[in-house]
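Engineer: Before we start, here is the structure in question, set down as structure tokens.
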Amino acid sequence: MRKIIVAIVLALVLVVSVAVPVVADTTAEVTVTATPAIISISNLPIDWTMNDSGATAPGDDAIRHATTYYSNDAGNLIPPTGGGVLDAECRFTVTNDGTVNVDIAIAFADFTLGHAMANSDTGSATATAFGARAYVSGDTTPGPALTVAGTADVIINLPHTASNTKKWGLEVATRTDAFTDPTTMQATVTLTATEV
Amino acid sequence: MKKLIALLIAVLLLTGCVQPSIVPGKVEAPPELYDKIWISPGKVMVGNFYPGARAEWPLTIHNGNAEPTQFEIMFKQPGTVDEGYVKAPIIAQDWVIIADPAPILEGFETREVLIAIVMPEDAESPAPKWEFWIAVKDVTQTGMVQTELATRWLVTMRD
């Protein structure tokens with residue numbers, strides 16, 4: 001009888017040892033689980049040259065103060081349709097390539113080089129800062145303000161199945177104080193995708 | 001005999017007390033994502049957390065570029081949070097350990113990078129439920145408009 005019990009105990013100890021996974025640096029009593037989702041997005045085109053003279057509806061390359069520019073291929077000074085943005089007014093197309101629906105937030109960094117401009121974070125220009133907004137096809141304008149840290153609100157929600165693309169655009173209102181600099185300013189706009 | 005029975009019971013109880021994390025398995029992506037940059041998981045749920053505790057989960061990154069690509073992995077405060085959750089305070093950044101915050105992946109390579117959150121014993125809990133993100137960005141992007149992918153970490157504190 002004793003031998004049987006000892007054998008059972010040893011067998012149980014062996015089972016327990018095998019069952020405890022090697023990935024056990026998580027503190028005991030803490031539970032960790034994860035969704036097996038794959039997050040992937042792509043966006044095209046990757047660039048926008050404001051008031052580009054080489055564009056389909058060309059500007060004159062100059063960026064002026066107190067002026068609002070739109071990433072509208074029909075003309076960068078033409079605002080999108082306020083009551084419902086049209087696809088044709090949106091330069092960019094973002095695609096959800098992953099396996100789950102995603103929310104996309106957008107951040108617009110300060111302009112650097114040239115006569116650098118900081119982002120006002122309000123969507124509106126000030127004497128020394130620019131305002132940035134996004135607009136999305138089908139939505140009304142004005143679109144949400146884009147901040148340096150990234151928007152608190154979801155700008156775009158994308159399913160991963162049918163209709164997994166969305167057209168959208170950018171609006172930049174330059175600072176109201178005059179500036180002059182031959183050096184091109186640059187800024188980075190970052191789309192961050194997370195699982196819904 | 002009684003001692004042996006007591007030992008048997010103790011072993012049975014021990015089996016019930018050990019609560020290991022669910023073992024993360026290898027992420028299998030659809031073949032059409034071979035040439036896409038992707039990450040997994042989408043969400044990590046940490047439960048029964050408390051000051052002094054540690055929770056970890058591997059982040060899987062796939063380089064969809066044909067050439068070697070450097071990525072940046074970073075703590076990020078969320079923009080939006082799930083209902084009932086609050087945004088992690090910026091100090092939570094100090095609690096996050098990223099095994100390799102600047103990995104260089106070969107073309108089409110898939111790699112795991114361990115992410116851990118270790119809350120100091122004397123830290124104050126941000127809230128009963130709080131959220132932070134681990135963001136991954138291809139730093140070789142050159143365009144004005146760039147993309148970034150993030151895993152949401154949803155932390156529930158012990159009562």
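Residue numbers start at 1 in each chain; chains themselves are named A, B, ... in the order of the structure tokens; ligands are numbered from 1 in the order shown.
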Let's see if you can do this: from backbone DSSP, list all helix (DSSP H, G or I) residues in chain A, as number ranges by chain.
Structural biologist: A: 2-19, 87-89
Engineer: Which stretch 33-136 of chain B residues have any atom within 9 Å of an atom of stretch 99-117 of chain A, and for each, what is the nearest pair of atoms with distance in Å to one decimal, counting only C-alpha atoms, rows sorted by chain and number, as CSV?
Structural biologist:
residue,atom,partner,partner_atom,distance
B:Gly42,CA,A:Val100,CA,8.3
B:Gly79,CA,A:Ala105,CA,7.2
B:Thr80,CA,A:Ala105,CA,8.6
Engineer: Let's have the selection written as a short mmCIF file (atom, residue, chain, number, x, y, z; two decimals), in the first residue's frame, with N, CA, C and O atoms.
Structural biologist:
data_model
loop_
_atom_site.label_atom_id
_atom_site.label_comp_id
_atom_site.auth_asym_id
_atom_site.auth_seq_id
_atom_site.Cartn_x
_atom_site.Cartn_y
_atom_site.Cartn_z
N GLY B 42 -2.54 41.50 -30.20
CA GLY B 42 -3.21 42.78 -30.24
C GLY B 42 -3.45 43.33 -28.85
O GLY B 42 -3.33 44.53 -28.62
N GLY B 79 -4.10 56.66 -26.51
CA GLY B 79 -4.98 57.77 -26.82
C GLY B 79 -6.36 57.46 -26.26
O GLY B 79 -6.86 58.15 -25.38
N THR B 80 -6.95 56.41 -26.74
CA THR B 80 -8.23 55.97 -26.21
C THR B 80 -7.99 54.72 -25.36
O THR B 80 -7.03 53.99 -25.58
#
Engineer: Give me the residues near A:Thr95 as a PyMOL selection string, where near means some atom within 7 Å (using only C-alpha atoms) and where sequence neighbours in that chain fewer than 4 positions away do not count.
Structural biologist: chain A and resi 41-43+164-166
Engineer: Which residues, written as a list of chain:residue names, have at least one atom at most 7 Å from B:Asp35, with only C-alpha atoms counted and residues fewer than 3 positions away on the same chain left out?
Structural biologist: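 Counting only the stated atoms, we get B:Gly64, B:Asn65, B:Phe108.
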Engineer: Can you tell me, as an MDAnalysis selection string, what residues are no more than 6 Å from A:Ala134 when counting only C-alpha atoms, ignoring any on the same chain fewer than 2 positions away?
Structural biologist: chainID A and resid 143:144 169:170
Engineer: For chain B, which residues have at least one atom within 6 Å of chain A, if we go by only C-alpha atoms? Write them as a PyMOL selection string, please.
Structural biologist: chain B and resi 8+21+38-49+53-56+79-80+143-150
Engineer: Give the strand (DSSP E) residues of stretch 54-88 of chain B, as assigned by DSSP on the backbone, as a PyMOL selection string.
Structural biologist: chain B and resi 54-62+69-76+86-87
Engineer: One decimal, in Å: what's the spacing between atom CA of B:Pro78 and atom CA of A:Thr174?
Structural biologist: 27.8 Å
Engineer: I want to know what sits within 8 Å of stretch 120-136 of chain B, based on only C-alpha atoms, with residues of the same chain fewer than 3 positions away left out; could you give that as a PyMOL selection string?
Structural biologist: chain B and resi 39+50-53+71-78+81-82+84-89+95+148-159
Engineer: Got time to write the residues from that selection, N, CA and C atoms, as a CSV table (one decimal), in the first residue's frame?
Structural biologist:
chain,number,residue,atom,x,y,z
B,39,ILE,N,2.6,42.9,-36.1
B,39,ILE,CA,2.9,42.5,-34.7
B,39,ILE,C,1.8,41.7,-34.1
B,50,TYR,N,-0.3,43.5,-8.8
B,50,TYR,CA,-0.1,44.3,-7.5
B,50,TYR,C,1.3,44.8,-7.4
B,51,PRO,N,1.5,45.9,-6.6
B,51,PRO,CA,2.8,46.4,-6.5
B,51,PRO,C,3.8,45.3,-6.0
B,52,GLY,N,4.9,45.2,-6.7
B,52,GLY,CA,5.9,44.2,-6.4
B,52,GLY,C,5.8,43.0,-7.4
B,53,ALA,N,4.7,43.0,-8.2
B,53,ALA,CA,4.5,41.8,-9.1
B,53,ALA,C,5.1,42.1,-10.5
B,71,PHE,N,13.7,48.4,-36.0
B,71,PHE,CA,12.5,48.8,-35.4
B,71,PHE,C,12.8,49.5,-34.1
B,72,GLU,N,11.8,50.3,-33.7
B,72,GLU,CA,11.9,50.8,-32.3
B,72,GLU,C,10.6,50.3,-31.6
B,73,ILE,N,10.9,49.8,-30.4
B,73,ILE,CA,9.8,49.3,-29.5
B,73,ILE,C,9.7,50.3,-28.3
B,74,MET,N,8.6,50.8,-28.0
B,74,MET,CA,8.5,51.8,-27.0
B,74,MET,C,7.2,51.7,-26.2
B,75,PHE,N,7.3,52.2,-25.0
B,75,PHE,CA,6.1,52.4,-24.1
B,75,PHE,C,5.4,53.6,-24.7
B,76,LYS,N,4.1,53.5,-24.7
B,76,LYS,CA,3.3,54.6,-25.2
B,76,LYS,C,2.0,54.8,-24.3
B,77,GLN,N,1.7,56.0,-24.0
B,77,GLN,CA,0.4,56.2,-23.3
B,77,GLN,C,-0.7,56.2,-24.3
B,78,PRO,N,-1.7,55.5,-24.0
B,78,PRO,CA,-2.8,55.3,-25.0
B,78,PRO,C,-3.5,56.6,-25.3
B,81,VAL,N,-8.9,54.5,-24.4
B,81,VAL,CA,-8.8,53.3,-23.6
B,81,VAL,C,-10.1,52.6,-23.5
B,82,ASP,N,-10.0,51.3,-23.1
B,82,ASP,CA,-11.3,50.5,-23.0
B,82,ASP,C,-12.1,51.1,-21.9
B,84,GLY,N,-13.8,51.6,-18.6
B,84,GLY,CA,-13.5,51.2,-17.2
B,84,GLY,C,-12.0,51.3,-17.0
B,85,TYR,N,-11.2,51.5,-18.0
B,85,TYR,CA,-9.7,51.7,-17.8
B,85,TYR,C,-9.4,53.1,-17.9
B,86,VAL,N,-8.2,53.4,-17.3
B,86,VAL,CA,-7.7,54.8,-17.4
B,86,VAL,C,-6.3,54.7,-18.1
B,87,LYS,N,-5.9,55.8,-18.6
B,87,LYS,CA,-4.6,55.9,-19.2
B,87,LYS,C,-3.5,55.7,-18.2
B,88,ALA,N,-2.5,54.9,-18.5
B,88,ALA,CA,-1.4,54.7,-17.5
B,88,ALA,C,-0.6,56.0,-17.3
B,89,PRO,N,-0.2,56.3,-16.1
B,89,PRO,CA,0.6,57.5,-15.9
B,89,PRO,C,1.9,57.4,-16.6
B,95,TRP,N,8.3,51.2,-15.4
B,95,TRP,CA,8.0,49.8,-14.9
B,95,TRP,C,8.1,48.8,-16.1
B,148,GLU,N,2.6,52.9,-37.5
B,148,GLU,CA,3.1,52.4,-36.2
B,148,GLU,C,2.1,51.4,-35.7
B,149,LEU,N,2.5,50.3,-35.1
B,149,LEU,CA,1.6,49.3,-34.6
B,149,LEU,C,1.7,49.2,-33.1
B,150,ALA,N,0.7,49.0,-32.4
B,150,ALA,CA,0.8,48.9,-31.0
B,150,ALA,C,0.0,47.8,-30.4
B,151,THR,N,0.5,47.1,-29.4
B,151,THR,CA,-0.2,46.2,-28.5
B,151,THR,C,-0.7,46.9,-27.3
B,152,ARG,N,-2.0,46.6,-27.0
B,152,ARG,CA,-2.6,47.2,-25.8
B,152,ARG,C,-2.4,46.3,-24.6
B,153,TRP,N,-1.9,46.8,-23.6
B,153,TRP,CA,-1.8,46.1,-22.3
B,153,TRP,C,-2.8,46.6,-21.3
B,154,LEU,N,-3.7,45.7,-21.0
B,154,LEU,CA,-4.8,46.1,-20.1
B,154,LEU,C,-4.6,45.4,-18.7
B,155,VAL,N,-4.3,46.2,-17.7
B,155,VAL,CA,-3.9,45.8,-16.4
B,155,VAL,C,-5.1,45.9,-15.4
B,156,THR,N,-5.4,44.8,-14.7
B,156,THR,CA,-6.4,44.9,-13.7
B,156,THR,C,-5.7,44.6,-12.4
B,157,MET,N,-5.8,45.5,-11.4
B,157,MET,CA,-5.1,45.3,-10.1
B,157,MET,C,-5.9,44.3,-9.2
B,158,ARG,N,-5.2,43.8,-8.3
B,158,ARG,CA,-5.8,42.9,-7.3
B,158,ARG,C,-6.6,43.7,-6.4
B,159,ASP,N,-7.7,43.1,-6.0
B,159,ASP,CA,-8.6,43.9,-5.1
B,159,ASP,C,-7.9,44.1,-3.7
Engineer: Mind checking which residues fall within 9 Å of A:Thr56, counting only C-alpha atoms, ignoring those fewer than 2 positions away in the same chain, and posting them as a list in words?
Structural biologist: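 The contact residues come out as Asp52, Ser53, Gly54, Pro58, Asp73, Ala74 and Gly75 of chain A.
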Engineer: Can you write just those residues out, all heavy atoms, as a tab-separated table (two decimals), in the first residue's frame?
Structural biologist:
chain	number	residue	atom	x	y	z
A	52	ASP	N	2.51	71.78	-53.94
A	52	ASP	CA	3.51	71.27	-54.88
A	52	ASP	C	3.25	71.76	-56.30
A	52	ASP	O	2.16	71.58	-56.84
A	52	ASP	CB	3.49	69.74	-54.82
A	52	ASP	CG	4.56	69.10	-55.68
A	52	ASP	OD1	5.47	69.81	-56.13
A	52	ASP	OD2	4.49	67.87	-55.87
A	53	SER	N	4.27	72.30	-56.94
A	53	SER	CA	4.12	72.78	-58.31
A	53	SER	C	4.06	71.62	-59.30
A	53	SER	O	3.67	71.79	-60.45
A	53	SER	CB	5.28	73.72	-58.68
A	53	SER	OG	6.50	73.01	-58.62
A	54	GLY	N	4.48	70.45	-58.87
A	54	GLY	CA	4.44	69.29	-59.75
A	54	GLY	C	3.20	68.46	-59.59
A	54	GLY	O	3.05	67.41	-60.21
A	58	PRO	N	-1.42	71.93	-59.76
A	58	PRO	CA	-0.20	72.46	-59.16
A	58	PRO	C	-0.37	73.77	-58.41
A	58	PRO	O	-1.16	74.63	-58.80
A	58	PRO	CB	0.73	72.63	-60.36
A	58	PRO	CG	-0.18	72.80	-61.51
A	58	PRO	CD	-1.40	71.97	-61.22
A	73	ASP	N	-5.88	66.54	-53.92
A	73	ASP	CA	-5.19	66.51	-55.19
A	73	ASP	C	-5.88	67.39	-56.24
A	73	ASP	O	-5.30	67.64	-57.31
A	73	ASP	CB	-5.08	65.08	-55.70
A	73	ASP	CG	-4.07	64.26	-54.88
A	73	ASP	OD1	-3.24	64.89	-54.18
A	73	ASP	OD2	-4.13	63.02	-54.91
A	74	ALA	N	-7.05	67.88	-55.95
A	74	ALA	CA	-7.71	68.82	-56.86
A	74	ALA	C	-7.16	70.23	-56.67
A	74	ALA	O	-7.44	71.12	-57.48
A	74	ALA	CB	-9.21	68.81	-56.62
A	75	GLY	N	-6.39	70.42	-55.65
A	75	GLY	CA	-5.80	71.74	-55.36
A	75	GLY	C	-5.63	71.86	-53.87
A	75	GLY	O	-6.59	71.65	-53.11
Engineer: What is the atom CA of A:Gly83 to atom CA of A:Ala132 distance in Å?
Structural biologist: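 Computing the Euclidean distance for atom CA of A:Gly83 and atom CA of A:Ala132 yields 19.3 Å.
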Engineer: Suppose you want the space between atom CA of A:Glu89 and atom CA of A:Ala162; what is it in Å?
Structural biologist: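 Atom CA of A:Ala162 lies 22.3 Å from atom CA of A:Glu89.
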